[in-house]
Amino acid sequence: MIIARRSLSLFAAAFLALASPAFAAPGDKAIDDVRILSADDMEGRGVGTPGSEKARAYILSRFREIGLAPVGDRFEHTFAFTKRDGSAAQGVNLIARVKGTQPGRAMVVTAHYDHLGVRNGEIFNGADDNASGVAGLLAVAEAFKAKPPTHDVILAVVDAEESGLRGARAFAAAPPIPLESIVLNINFDMLSKNPKNELFAAGASAFPVLRPILQQVAATAPVTLKLGHDTDADGAQNNWTNQSDHYAFVEKGVPWIYFGVEDHPEYHRPSDDFATIPQDFFKRSVATVVQASLALEASLDAVAQSAGR
């Protein structure tokens, strides 16, 4: 995130029972993804660093392992931006697609892989922020590869979120598919730490058509899925509308849902390490976002009609 701020459900269990043998329940692989992406040798995944390059290589290896295809001829999409100190920088987004059985509409799933790098000799590994979100995206990709969606699902692992949503804004400014075909953005940013067993889904206040879909997921989700953090009702500081990559889609008028946990003591600290992740909660959180992503994609036509897309 850029600034401060039960067992598997019956639905998920039914899906997993129908899935191909290549797809396993989200859990151990997601744990491996977080552990590897937040290891010291990734050096905090700062934009333009060797650690960022190493993280990209790992994510690309997972894309290929899952069997994802690029949009066009490559996964890597570079973009230039100016840092807050005025210096020039280059980021790299990683974009893949699972083709739907019907052409036309698409859903974009995002998660940023960058973090704060090394500062004053300390590595900011960003296990929750946002290795956890990338792991959630990869689990969603596995689910859709096992059970092909009706609509195209674009998987965008974006760079330079911590620098001002730069990768997401580069994607939205020049999307690899027509912007008008994008019906919904689902964004994952910080999925792994909450002592109250709570995961939030923000965005339904702006697009009420999403509320009953999310409420149905929440009724059987493996964690306590709560709707909120998308208005100023509890103060502007508790409104997450502009606090992560989904805001690049907000700016384009695209419906969105942001899944994340509330801030915790490790947020933007060197202590946001793999060792501080409660693995049981994280596995259940990943299972929840997989369940929700499947449900939202299945309802994409209704979302499009309601939103006029």
# chains A, B, ... in the order shown; residues from 1 in each chain; ligands from 1

$ select_by_dssp --residues "range 66-247 of chain A" --states "strand (DSSP E)" --output "number ranges by chain"
A: 69-70, 76-82, 88-98, 106-112, 117-119, 122-124, 152-158, 182-188, 198-202, 224-227

$ residues_around --residues "Ile36 in chain A" --least-positions-apart "4" --cutoff "12 Å" --atoms "only C-alpha atoms" --output "ChimeraX atom specification"
/A:29-32,40-45,51,54-59,62,125-127,131-132,134-135,273-275

$ atom_distance --atom1 "CA of Pro70 in chain A" --atom2 "CA of Lys145 in chain A"
13.6 Å

$ atom_distance --atom1 "CA of Asp245 in chain A" --atom2 "CA of Ala168 in chain A"
5.5 Å

$ closest_residue --among "A:Asn185, A:Ser192, A:Thr231, A:Ser293" --to "Phe281 in chain A" --atoms "only C-alpha atoms"
A:Ser192

$ residues_around --residues "Val261 in chain A" --least-positions-apart "5" --cutoff "8 Å" --atoms "only C-alpha atoms" --output "NGL selection string"
:A and (190-194 or 198-200)

$ closest_residue --among "A:Val157, A:Ile182, A:Leu294, A:Ile123" --to "Val250 in chain A" --atoms "only C-alpha atoms"
A:Ile182

$ residues_around --residues "Gly104 in chain A" --least-positions-apart "4" --cutoff "8 Å" --atoms "only C-alpha atoms" --output "list in words"
His151, Asp152 and Ser181 of chain A

$ residues_around --residues "Tyr258 in chain A" --least-positions-apart "3" --cutoff "9 Å" --atoms "only C-alpha atoms" --output "ChimeraX atom specification"
/A:185-189,200-203,240-241,244-246

$ write_last_selection --atoms "N, CA and C atoms" --output "JSON list (two decimals), in the first residue's frame"
[["chain", "number", "residue", "atom", "x", "y", "z"],
["A", 185, "ASN", "N", -11.72, -3.95, -12.14],
["A", 185, "ASN", "CA", -10.37, -4.17, -11.60],
["A", 185, "ASN", "C", -10.49, -4.74, -10.20],
["A", 186, "ILE", "N", -9.78, -5.84, -9.96],
["A", 186, "ILE", "CA", -9.64, -6.39, -8.62],
["A", 186, "ILE", "C", -8.18, -6.19, -8.22],
["A", 187, "ASN", "N", -7.95, -5.53, -7.10],
["A", 187, "ASN", "CA", -6.59, -5.22, -6.66],
["A", 187, "ASN", "C", -6.31, -5.87, -5.32],
["A", 188, "PHE", "N", -5.12, -6.49, -5.21],
["A", 188, "PHE", "CA", -4.69, -7.11, -3.96],
["A", 188, "PHE", "C", -3.47, -6.35, -3.44],
["A", 189, "ASP", "N", -3.58, -5.86, -2.21],
["A", 189, "ASP", "CA", -2.46, -5.15, -1.60],
["A", 189, "ASP", "C", -2.53, -5.34, -0.10],
["A", 200, "PHE", "N", -10.66, -6.89, 4.26],
["A", 200, "PHE", "CA", -11.63, -5.92, 3.76],
["A", 200, "PHE", "C", -11.72, -5.95, 2.24],
["A", 201, "ALA", "N", -12.92, -5.72, 1.75],
["A", 201, "ALA", "CA", -13.17, -5.50, 0.32],
["A", 201, "ALA", "C", -13.76, -4.11, 0.19],
["A", 202, "ALA", "N", -13.02, -3.20, -0.40],
["A", 202, "ALA", "CA", -13.49, -1.83, -0.62],
["A", 202, "ALA", "C", -13.93, -1.68, -2.07],
["A", 203, "GLY", "N", -14.91, -0.82, -2.31],
["A", 203, "GLY", "CA", -15.34, -0.51, -3.66],
["A", 203, "GLY", "C", -16.82, -0.65, -3.92],
["A", 240, "TRP", "N", -9.97, 4.10, 1.50],
["A", 240, "TRP", "CA", -8.86, 3.52, 0.74],
["A", 240, "TRP", "C", -8.99, 3.72, -0.77],
["A", 241, "THR", "N", -9.92, 4.54, -1.20],
["A", 241, "THR", "CA", -10.19, 4.66, -2.64],
["A", 241, "THR", "C", -8.95, 5.03, -3.43],
["A", 244, "SER", "N", -4.10, 2.62, -3.33],
["A", 244, "SER", "CA", -3.34, 1.55, -3.98],
["A", 244, "SER", "C", -3.66, 1.57, -5.47],
["A", 245, "ASP", "N", -3.18, 0.58, -6.18],
["A", 245, "ASP", "CA", -3.19, 0.60, -7.64],
["A", 245, "ASP", "C", -4.57, 0.68, -8.27],
["A", 246, "HIS", "N", -5.60, 0.24, -7.57],
["A", 246, "HIS", "CA", -6.95, 0.35, -8.13],
["A", 246, "HIS", "C", -7.33, 1.79, -8.46]]

$ closest_residue --among "A:Phe259, A:Tyr267, A:Phe249, A:Phe282" --to "Gly167 in chain A" --atoms "only C-alpha atoms"
A:Phe249

$ closest_residue --among "A:Gly235, A:Pro208, A:Gly100, A:Gly253" --to "Leu179 in chain A" --atoms "only C-alpha atoms"
A:Gly253

$ residues_around --residues "Gln216 in chain A" --least-positions-apart "3" --cutoff "10 Å" --atoms "only C-alpha atoms" --output "mmCIF file with all heavy atoms, in the first residue's frame"
data_model
loop_
_atom_site.group_PDB
_atom_site.id
_atom_site.type_symbol
_atom_site.label_atom_id
_atom_site.label_comp_id
_atom_site.auth_asym_id
_atom_site.auth_seq_id
_atom_site.Cartn_x
_atom_site.Cartn_y
_atom_site.Cartn_z
ATOM 1 N N PHE A 11 -18.439 -22.948 -1.519
ATOM 2 C CA PHE A 11 -18.225 -22.515 -2.904
ATOM 3 C C PHE A 11 -16.829 -22.909 -3.360
ATOM 4 O O PHE A 11 -16.637 -23.492 -4.416
ATOM 5 C CB PHE A 11 -18.395 -21.000 -2.998
ATOM 6 C CG PHE A 11 -18.234 -20.451 -4.391
ATOM 7 C CD1 PHE A 11 -19.339 -20.189 -5.174
ATOM 8 C CD2 PHE A 11 -16.970 -20.198 -4.902
ATOM 9 C CE1 PHE A 11 -19.177 -19.668 -6.456
ATOM 10 C CE2 PHE A 11 -16.804 -19.692 -6.173
ATOM 11 C CZ PHE A 11 -17.920 -19.421 -6.942
ATOM 12 N N ARG A 211 -22.019 -5.209 -4.313
ATOM 13 C CA ARG A 211 -22.278 -5.524 -2.911
ATOM 14 C C ARG A 211 -22.886 -6.914 -2.703
ATOM 15 O O ARG A 211 -22.362 -7.702 -1.891
ATOM 16 C CB ARG A 211 -23.162 -4.438 -2.282
ATOM 17 C CG ARG A 211 -23.343 -4.588 -0.774
ATOM 18 C CD ARG A 211 -24.094 -3.394 -0.189
ATOM 19 N NE ARG A 211 -23.356 -2.156 -0.409
ATOM 20 C CZ ARG A 211 -22.367 -1.734 0.370
ATOM 21 N NH1 ARG A 211 -22.011 -2.453 1.428
ATOM 22 N NH2 ARG A 211 -21.751 -0.594 0.110
ATOM 23 N N PRO A 212 -23.972 -7.283 -3.398
ATOM 24 C CA PRO A 212 -24.532 -8.624 -3.137
ATOM 25 C C PRO A 212 -23.590 -9.752 -3.534
ATOM 26 O O PRO A 212 -23.625 -10.830 -2.908
ATOM 27 C CB PRO A 212 -25.814 -8.638 -3.978
ATOM 28 C CG PRO A 212 -25.651 -7.549 -4.982
ATOM 29 C CD PRO A 212 -24.806 -6.515 -4.324
ATOM 30 N N ILE A 213 -22.758 -9.538 -4.530
ATOM 31 C CA ILE A 213 -21.778 -10.568 -4.905
ATOM 32 C C ILE A 213 -20.801 -10.793 -3.758
ATOM 33 O O ILE A 213 -20.533 -11.929 -3.352
ATOM 34 C CB ILE A 213 -21.019 -10.148 -6.179
ATOM 35 C CG1 ILE A 213 -21.975 -9.849 -7.325
ATOM 36 C CG2 ILE A 213 -20.021 -11.236 -6.588
ATOM 37 C CD1 ILE A 213 -21.317 -9.155 -8.513
ATOM 38 N N ALA A 219 -20.475 -14.665 3.198
ATOM 39 C CA ALA A 219 -21.295 -15.580 4.001
ATOM 40 C C ALA A 219 -20.598 -16.908 4.251
ATOM 41 O O ALA A 219 -20.880 -17.569 5.264
ATOM 42 C CB ALA A 219 -22.638 -15.812 3.306
ATOM 43 N N THR A 220 -19.701 -17.308 3.360
ATOM 44 C CA THR A 220 -19.029 -18.606 3.520
ATOM 45 C C THR A 220 -17.513 -18.503 3.448
ATOM 46 O O THR A 220 -16.824 -19.517 3.400
ATOM 47 C CB THR A 220 -19.511 -19.598 2.443
ATOM 48 O OG1 THR A 220 -19.291 -19.033 1.143
ATOM 49 C CG2 THR A 220 -20.984 -19.918 2.620
ATOM 50 N N ALA A 221 -16.970 -17.291 3.440
ATOM 51 C CA ALA A 221 -15.525 -17.114 3.277
ATOM 52 C C ALA A 221 -14.751 -17.680 4.459
ATOM 53 O O ALA A 221 -15.238 -17.680 5.598
ATOM 54 C CB ALA A 221 -15.206 -15.629 3.113
ATOM 55 N N ALA A 292 -13.646 -15.027 -4.214
ATOM 56 C CA ALA A 292 -14.273 -13.777 -4.627
ATOM 57 C C ALA A 292 -14.006 -13.479 -6.100
ATOM 58 O O ALA A 292 -14.899 -13.010 -6.823
ATOM 59 C CB ALA A 292 -13.765 -12.630 -3.760
ATOM 60 N N ALA A 295 -16.272 -15.521 -8.254
ATOM 61 C CA ALA A 295 -17.651 -15.034 -8.191
ATOM 62 C C ALA A 295 -17.814 -13.733 -8.975
ATOM 63 O O ALA A 295 -18.814 -13.527 -9.670
ATOM 64 C CB ALA A 295 -18.069 -14.838 -6.736
#

$ closest_residue --among "A:Ala236, A:Val217, A:Ala248, A:Val286" --to "Arg169 in chain A" --atoms "only C-alpha atoms"
A:Ala248
